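So the structure is just underneath, and the comments pick up after that.
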Amino acid sequence: MPKTKPSLTAQVVIAMLLGIAVGLLLNVSGLNTAGSFVNEYIVNGLFKAVGTLFINALKMLVVPLVLFSLICGVCGIGNLSTLGRVGAKSFGLYLFTTAIAVATAVIFALTAGIGQGMQASTDAAFTGREAPPLLDVFTNIIPTNPINAMANGEMLQVIFFAILAGISILMVGKKAKPLIEGAELANEVMMKMVSIVMAAAPYAVFALIAKAMAELGFELLSVLIGYVLVLVAALMFHLFGTLMLLLKVLTGLNPLRFISKMRNVQVFAFSTASSNATIPVTLRTVTERLGVNNSVASFTVPFGATINMDGTAIMQGVATVFIAHVYGIDLSVSDYLVVIAMAVLASIGTAGVPGVGLIMLSMVFVQVGLPVEGIGLILGVDRLLDMIRTAVNVSGDATVSVIVAKSEGKLDTSVYNDPMAGVTTSDIVLDAATERELAEVVASTHARKD
């Protein structure tokens with residue numbers, strides 16, 4: 001009986017566990033000391049190169065995938081009122097879950113009393129960067145040059161242009177049929193490109209995780225253990241408690257099925273620490289594994305990756321309480337309400353800004369009168385925690401996608417409930433019949449030209 005090859009998800013999870021083990025071994029053994037062979041040529045050489053190549057490949061796919069998928073999605077929805085409902089539901093749910101997330105974080109941190117009596121010092125400095133005003137964010141949604149927006153990865157602008165293009169195609173009517181078919185073919189080609197890139201996923205995940213773990217010092221973790229444990233606990237509560245409760249109440253679907261199918265996406269988000277880089281993986285999982293129609297997923301997934309920051313909001317809540325205790329500053333109930341409001345508004349106002357988590361945190365600190373330099377205390381462990389909160393962010397994107405799709409009758413429950421739906425391996429399958437058919441088409445095209 002031939003052996004069954006493990007699914008891509010299983011391979012990625014194994015690679016992640018091996019990466020953690022190897023990284024921690026390099027860190028504990030002292031092999032990764034600055035200037036050593038392992039540090040120069042393995043951790044910051046081979047591991048960094050493999051991880052960077054993979055992340056760049058994923059980012060390469062994001063803009064064209066979102067563009068064609070969203071155009072197909074708008075055309076698939078077929079009318080503006082439905083599109084408006086999908087947009088309003090998504091926006092409302094993303095802001096609601098963000099507010100719940102930061103409130104949960106504040107409660108967890110206050111209950112645990114982290115930072116009280118801690119005399120911490122750090123050599124790390126942090127200078128707050130000014131986030132763009134909320135008005136500028138809204139006015140900049142419309143791109144002056146859509147090609148430039150795509151080149152710079154301005155996702156809100158790309159989303160706006162794709163929606164407008166889809167609406168315009170609908171208004172043209174039957175004459176636009178070839179254009180719609182072309183967009184659908186382009187979207188299918190992009191999904192095949194995702195499959196090709198994903199074939200290298202286990203190796204890339206191993207390299208990314210091993211590098212992160214090799215650089216994370218246990219001494220720093222021991223100093224900030226209270227902060228780390230409370231933050232991780234709040235993140236897990238939000239993921240397995242809040243989000244899954246919303247999913248069950250609003251859809252009646254089995255949350256355990258959702259969690260099992262999202263493992264792949266969560267590992268990728270953990271490895272890359274980037275919601276945008278994970279869009280291709282999230283979009284494929286949401287449509288092929290969870291059964292969300294592309295007309296909904298093509299909007300909710302990239303939109304969520306841009307504005308949904310549940311994990312980041314939790315970090316803000318925990319960090320605010322932690323730094324306030326460390327510096328002996330008493331915050332009132334109204335101050336904590338300001339923190340919640342700022343987290344919700346900042347999730348829109350800082351959309352697409354690099355280093356968004358720390359920018360949002362510096363905004364919150366300034367608003368409630370905490371010293372911004374206190375962020376330097378938690379900079380050392382922020383990389384690890386950023387990986388975890390990104391996994392929570394993409395889980396929120398998928399949860400909202402399923403909820404909105406179910407409410408619009410755009411969810412295939414048979415796909416959602418099928419544990420094997422959309423399962424793939426890392427093999428790149430080339431169909432011989434398809435290759436011959438394409439070769440014949442190309443040959444006949446050349447013959448006509450001759």
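Order determines the names: the first chain of the structure tokens is A, the second B, and so forth; residues in each chain are numbered 1 upward, and ligands are numbered 1 upward as they are shown.
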| said: Please list as a list of chain:residue names every residue within 8 Å of A:Lys48, counting only C-alpha atoms and excluding residues in the same chain fewer than 5 positions away. | reply: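 Surrounding residues, per the criterion: A:Val43, A:Ala207, A:Leu208, A:Lys211.
Taking only C-alpha atoms, the non-local environment of A:Pro255 within 12 Å (same-chain residues fewer than 3 positions away omitted) comprises Leu239, Phe240, Gly241, Thr242, Leu243, Met244, Leu245, Leu246, Leu247, Lys248, Val249, Leu250, Thr251, Gly252, Phe258, Ile259, Ser260, Lys261, Met262, Leu290, Ser395, Ala398, Thr399, Val402, Ile403, Tyr416 and Asn417 of chain A.
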| task | Fewer than 3 positions away in the same chain doesn't count, so skip those; otherwise give me all residues within 8 Å of A:Ser275, counting only C-alpha atoms, as a VMD selection string. | result | chain A and resid 269 278 to 279 305 to 306 390 393 to 394
Closest contacts (stretch 24-95 of chain A/stretch 174-190 of chain A, max 8 Å, only C-alpha atoms) as CSV:
residue,atom,partner,partner_atom,distance
A:Leu61,CA,A:Met190,CA,7.2
A:Pro64,CA,A:Met190,CA,7.4
A:Leu65,CA,A:Met190,CA,5.9
A:Phe68,CA,A:Asn187,CA,5.3
A:Ser69,CA,A:Asn187,CA,5.7
A:Ile71,CA,A:Ala183,CA,7.2
A:Cys72,CA,A:Glu184,CA,6.1
A:Cys75,CA,A:Ile180,CA,7.6
| said: So that I can see what lies close to A:Pro202, please list as number ranges by chain the residues with an atom at most 7 Å from it, counting only C-alpha atoms and leaving out residues fewer than 2 positions away in the same chain. | reply: A: 11-12, 15, 200, 204-206
| query | Any idea what the distance is between atom CA of A:Gly30 and atom CA of A:Ala273? | reply |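 Going from atom CA of A:Gly30 over to atom CA of A:Ala273 covers 25.5 Å.
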